[in-house]
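Structure first, commentary second.
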Amino acid sequence: SQTIHQWPATLVQPVGSPLSLECTVEGTSNPNLYWYRQAAGRGLQLLFYSVGIGQISSEVPQNLSASRPQDRQFILSSKKLLLSDSGFYLCAWSRDRVETDTQYFGPGTRLTVL
Amino acid sequence: AQSVSQHNHHVILSEAASLELGCNYSYGGTVNLFWYVQYPGQHLQLLLKYFSGDPLVKGIKGFEAEFIKSKFSFNLRKPSVQWSDTAEYFCAVNAKGGATNKLIFGTGTLLAVQP
(Lines give C-alpha, C1' and ligand atoms only; values in the text may rest on other atoms or scores of the structure.)
Protein backbone atom coordinates (compact mmCIF):
# COMPACT_ATOMS: atom_id res chain seq x y z
CA SER A 1 0.00 0.00 0.00
CA GLN A 2 1.03 3.60 -0.47
CA THR A 3 2.06 5.91 2.33
CA ILE A 4 3.07 9.54 2.44
CA HIS A 5 5.36 11.07 5.02
CA GLN A 6 6.08 14.65 5.96
CA TRP A 7 8.59 16.08 8.36
CA PRO A 8 8.95 17.80 10.58
CA ALA A 9 5.48 17.72 12.12
CA THR A 10 5.91 21.13 13.73
CA LEU A 11 8.45 23.88 13.28
CA VAL A 12 9.05 27.26 14.87
CA GLN A 13 11.43 29.49 12.96
CA PRO A 14 12.55 33.12 13.25
CA VAL A 15 11.87 35.60 10.47
CA GLY A 16 14.69 35.58 7.94
CA SER A 17 15.76 31.99 8.58
CA PRO A 18 15.77 29.32 5.85
CA LEU A 19 13.18 26.56 5.53
CA SER A 20 13.18 23.03 4.24
CA LEU A 21 10.13 20.77 4.48
CA GLU A 22 10.28 17.28 3.11
CA CYS A 23 7.65 14.96 1.71
CA THR A 24 8.18 11.39 0.57
CA VAL A 25 5.80 8.86 -0.93
CA GLU A 26 6.20 5.10 -0.69
CA GLY A 27 4.59 2.28 -2.61
CA THR A 28 4.05 3.98 -5.96
CA SER A 29 6.13 5.29 -8.83
CA ASN A 30 5.99 8.52 -10.79
CA PRO A 31 3.30 10.11 -8.64
CA ASN A 32 2.01 13.62 -9.16
CA LEU A 33 2.99 15.64 -6.11
CA TYR A 34 1.46 18.75 -4.59
CA TRP A 35 2.22 21.28 -1.86
CA TYR A 36 -0.71 23.07 -0.22
CA ARG A 37 -0.80 25.67 2.54
CA GLN A 38 -3.60 26.53 4.90
CA ALA A 39 -3.19 29.92 6.50
CA ALA A 40 -5.34 30.92 9.48
CA GLY A 41 -8.97 31.37 8.41
CA ARG A 42 -8.31 30.40 4.83
CA GLY A 43 -8.80 27.29 2.73
CA LEU A 44 -6.10 25.03 1.45
CA GLN A 45 -4.20 26.83 -1.28
CA LEU A 46 -2.18 24.97 -3.89
CA LEU A 47 1.39 26.26 -3.93
CA PHE A 48 3.27 23.90 -6.23
CA TYR A 49 2.70 20.72 -8.17
CA SER A 50 5.03 18.34 -9.96
CA VAL A 51 4.37 15.74 -12.63
CA GLY A 52 7.93 14.36 -12.65
CA ILE A 53 11.50 14.72 -11.45
CA GLY A 54 12.69 18.29 -11.85
CA GLN A 55 9.30 19.44 -13.16
CA ILE A 56 7.79 22.04 -10.87
CA SER A 57 4.87 24.37 -11.50
CA SER A 58 4.19 27.29 -9.21
CA GLU A 59 0.63 28.40 -8.63
CA VAL A 60 1.14 31.62 -6.70
CA PRO A 61 4.04 34.06 -6.53
CA GLN A 62 5.59 33.89 -3.12
CA ASN A 63 8.62 33.55 -0.96
CA LEU A 64 8.77 29.77 -1.35
CA SER A 65 10.21 27.32 -3.86
CA ALA A 66 9.86 23.60 -4.46
CA SER A 67 12.11 20.90 -5.82
CA ARG A 68 11.75 17.26 -6.75
CA PRO A 69 15.20 15.70 -6.68
CA GLN A 70 13.90 12.13 -6.74
CA ASP A 71 10.78 10.46 -8.08
CA ARG A 72 9.04 10.22 -4.72
CA GLN A 73 10.56 13.16 -2.88
CA PHE A 74 9.17 16.68 -2.85
CA ILE A 75 10.83 19.51 -0.95
CA LEU A 76 9.47 22.92 -0.02
CA SER A 77 12.08 25.59 0.69
CA SER A 78 12.63 29.21 1.48
CA LYS A 79 15.83 31.21 1.74
CA LYS A 80 14.35 33.76 4.15
CA LEU A 81 11.08 33.17 5.96
CA LEU A 82 8.46 35.90 6.36
CA LEU A 83 5.80 36.15 9.05
CA SER A 84 3.21 35.50 6.36
CA ASP A 85 4.74 32.09 5.67
CA SER A 86 3.20 30.76 8.89
CA GLY A 87 0.59 28.09 8.29
CA PHE A 88 -0.15 24.43 7.90
CA TYR A 89 1.64 22.82 4.96
CA LEU A 90 0.25 19.70 3.37
CA CYS A 91 1.85 17.46 0.80
CA ALA A 92 -0.31 15.28 -1.42
CA TRP A 93 0.11 12.79 -4.22
CA SER A 94 -2.06 11.34 -6.98
CA ARG A 95 -1.46 8.54 -9.40
CA ASP A 96 -2.13 10.69 -12.41
CA ARG A 97 -2.67 14.25 -13.46
CA VAL A 98 -6.19 13.31 -14.50
CA GLU A 99 -8.59 15.81 -13.01
CA THR A 100 -10.77 13.13 -11.44
CA ASP A 101 -7.96 11.31 -9.69
CA THR A 102 -8.05 11.23 -5.90
CA GLN A 103 -5.36 13.10 -4.04
CA TYR A 104 -3.88 11.49 -0.93
CA PHE A 105 -2.62 13.79 1.76
CA GLY A 106 0.18 13.59 4.26
CA PRO A 107 -0.02 14.46 7.97
CA GLY A 108 1.14 18.05 7.44
CA THR A 109 3.70 20.40 8.97
CA ARG A 110 2.64 23.28 11.18
CA LEU A 111 5.05 26.17 10.65
CA THR A 112 5.15 29.17 12.94
CA VAL A 113 7.35 32.07 11.95
CA LEU A 114 8.14 34.46 14.81
CA ALA B 1 -11.03 33.14 -10.74
CA GLN B 2 -12.31 29.93 -9.25
CA SER B 3 -13.35 29.98 -5.62
CA VAL B 4 -15.17 27.79 -3.13
CA SER B 5 -17.30 29.06 -0.24
CA GLN B 6 -18.25 27.14 2.86
CA HIS B 7 -20.43 29.41 4.91
CA ASN B 8 -20.70 27.20 7.99
CA HIS B 9 -17.39 27.50 9.77
CA HIS B 10 -18.35 25.68 12.93
CA VAL B 11 -21.33 23.36 13.41
CA ILE B 12 -22.37 21.65 16.63
CA LEU B 13 -24.93 18.84 16.53
CA SER B 14 -26.23 16.18 18.84
CA GLU B 15 -26.00 12.54 17.85
CA ALA B 16 -28.80 11.39 15.52
CA ALA B 17 -29.36 14.92 14.22
CA SER B 18 -29.37 15.48 10.49
CA LEU B 19 -26.45 17.25 8.86
CA GLU B 20 -26.19 19.54 5.88
CA LEU B 21 -23.00 21.45 5.14
CA GLY B 22 -23.13 24.09 2.45
CA CYS B 23 -20.66 24.43 -0.42
CA ASN B 24 -20.91 26.92 -3.27
CA TYR B 25 -18.39 27.44 -6.01
CA SER B 26 -17.63 30.13 -8.50
CA TYR B 27 -16.33 29.11 -11.89
CA GLY B 28 -17.25 29.93 -15.46
CA GLY B 29 -16.91 26.40 -16.79
CA THR B 30 -17.70 22.82 -15.87
CA VAL B 31 -16.23 21.45 -12.69
CA ASN B 32 -15.56 18.27 -10.79
CA LEU B 33 -16.54 18.39 -7.12
CA PHE B 34 -15.09 16.79 -4.02
CA TRP B 35 -15.62 16.57 -0.29
CA TYR B 36 -12.61 15.77 1.86
CA VAL B 37 -12.64 15.08 5.59
CA GLN B 38 -10.03 15.27 8.31
CA TYR B 39 -10.79 13.29 11.45
CA PRO B 40 -8.88 14.23 14.62
CA GLY B 41 -5.32 12.95 14.39
CA GLN B 42 -5.75 11.60 10.88
CA HIS B 43 -4.79 12.68 7.37
CA LEU B 44 -7.14 14.58 5.10
CA GLN B 45 -9.00 11.97 3.07
CA LEU B 46 -11.57 11.80 0.29
CA LEU B 47 -15.21 11.46 1.39
CA LEU B 48 -16.88 11.54 -2.02
CA LYS B 49 -16.59 13.04 -5.48
CA TYR B 50 -18.80 13.96 -8.41
CA PHE B 51 -17.77 14.04 -12.06
CA SER B 52 -20.90 13.39 -14.10
CA GLY B 53 -24.17 11.49 -14.19
CA ASP B 54 -26.52 11.24 -11.23
CA PRO B 55 -26.11 14.51 -9.31
CA LEU B 56 -26.70 12.71 -6.02
CA VAL B 57 -23.50 10.92 -5.05
CA LYS B 58 -22.90 8.65 -2.11
CA GLY B 59 -19.68 8.40 -0.20
CA ILE B 60 -18.24 6.56 2.74
CA LYS B 61 -19.86 6.35 6.17
CA GLY B 62 -23.37 7.20 4.98
CA PHE B 63 -22.56 10.63 3.57
CA GLU B 64 -24.05 11.93 0.35
CA ALA B 65 -23.86 15.14 -1.64
CA GLU B 66 -26.06 16.69 -4.27
CA PHE B 67 -24.79 18.74 -7.17
CA ILE B 68 -27.23 21.49 -8.14
CA LYS B 69 -25.80 23.12 -11.22
CA SER B 70 -28.23 26.05 -11.25
CA LYS B 71 -27.19 26.98 -7.72
CA PHE B 72 -23.48 26.24 -8.14
CA SER B 73 -23.79 24.13 -5.02
CA PHE B 74 -22.57 20.76 -3.76
CA ASN B 75 -23.96 20.38 -0.24
CA LEU B 76 -22.96 17.49 1.97
CA ARG B 77 -25.64 15.61 3.89
CA LYS B 78 -26.04 12.81 6.38
CA PRO B 79 -29.43 11.81 7.82
CA SER B 80 -28.16 10.89 11.28
CA VAL B 81 -24.73 11.89 12.56
CA GLN B 82 -22.63 9.96 15.03
CA TRP B 83 -20.03 11.12 17.50
CA SER B 84 -17.38 9.63 15.21
CA ASP B 85 -18.34 12.13 12.49
CA THR B 86 -16.63 14.86 14.47
CA ALA B 87 -14.11 16.22 11.98
CA GLU B 88 -13.28 19.08 9.66
CA TYR B 89 -14.91 18.92 6.24
CA PHE B 90 -13.55 20.57 3.11
CA CYS B 91 -15.28 21.13 -0.20
CA ALA B 92 -13.07 21.33 -3.30
CA VAL B 93 -13.40 21.77 -7.05
CA ASN B 94 -11.26 21.49 -10.13
CA ALA B 95 -11.89 22.41 -13.73
CA LYS B 96 -13.24 19.68 -15.96
CA GLY B 97 -10.96 19.24 -18.92
CA GLY B 98 -8.01 20.75 -17.11
CA ALA B 99 -4.54 19.55 -17.92
CA THR B 100 -3.68 18.93 -14.31
CA ASN B 101 -5.38 17.79 -11.16
CA LYS B 102 -5.37 21.12 -9.30
CA LEU B 103 -7.89 21.41 -6.49
CA ILE B 104 -9.36 24.61 -5.08
CA PHE B 105 -10.55 24.19 -1.51
CA GLY B 106 -13.00 26.00 0.69
CA THR B 107 -12.09 27.18 4.17
CA GLY B 108 -13.52 24.09 5.83
CA THR B 109 -16.33 23.40 8.31
CA LEU B 110 -15.53 22.09 11.74
CA LEU B 111 -18.25 19.68 12.87
CA ALA B 112 -18.56 18.71 16.52
CA VAL B 113 -21.06 15.97 17.37
CA GLN B 114 -22.07 15.77 21.00
CA PRO B 115 -22.98 12.35 22.43
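Letters for chains follow the order of the C-alpha coordinates (A, B, ...), residue numbers begin at 1 for each chain, and ligand numbers begin at 1 in the order shown.
Residues from chain A that have an atom within 7 Å of chain B, counting only C-alpha atoms, are A:Gly41, A:Arg42, A:Gly43, A:Leu44, A:Gln45, A:Arg97, A:Val98, A:Glu99, A:Tyr104, A:Phe105, A:Gly106, A:Pro107.
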Could you write out, as a VMD selection string, all the residues of chain B that DSSP marks as strand (DSSP E)?
chain B and resid 3 to 5 10 to 14 19 to 21 24 to 26 31 to 38 45 to 50 56 to 58 64 to 68 73 to 78 87 to 95 104 to 105 109 to 114
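Here atom CA of Pro40 of chain B and atom CA of Tyr49 of chain A stand 26.4 Å from one another.
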Exercise: Thr86 of chain B partners within 7 Å, only C-alpha atoms, chain neighbours under 4 positions left out, as a VMD selection string
chain B and resid 39 111 to 113
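You can rank B:Ser52, B:Asn24, B:Thr109, B:Gln2 by their closest distance to Val37 of chain B using only C-alpha atoms, and at the top of that list sits B:Thr109.
Near Ser20 of chain A, within 8 Å and counting only C-alpha atoms, sit A:Ile75, A:Leu76, A:Ser77, A:Ser78, not including residues fewer than 3 positions from it in the same chain.
In this structure, atom CA of Leu11 of chain A sits 28.7 Å away from atom CA of Asn30 of chain A.
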Long-range neighbours of Leu47 of chain B as a list in words, 9 Å cut-off, only C-alpha atoms, 6 positions minimum in chain:
Phe34, Trp35, Tyr36, Val37, Lys58, Gly59, Ile60, Lys61, Phe63, Glu64 and Tyr89 of chain B
Between atom CA of Phe48 of chain A and atom CA of Val25 of chain A, distance in Å (one decimal):
16.1 Å
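Between Arg95 of chain A and the candidates A:Glu22, A:Thr3, A:Ala9, A:Asn32, the tightest atom-to-atom separation, counting only C-alpha atoms, involves A:Asn32.
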Using only C-alpha atoms, which residues sit within 9 Å of Pro8 of chain A once same-chain residues fewer than 6 positions away are excluded, as a ChimeraX atom specification?
/A:21-22,108-110
Write out as an MDAnalysis selection string each polymer residue whose atoms come within 9 Å of Ala40 of chain A, counting only C-alpha atoms; drop sequence neighbours fewer than 4 positions from it.
chainID A and resid 86:88
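Among the candidates A:Ile4, A:Val113, A:Asp71, A:Thr10, the residue lying nearest to Asp85 of chain A is A:Val113 (atoms considered: only C-alpha atoms).
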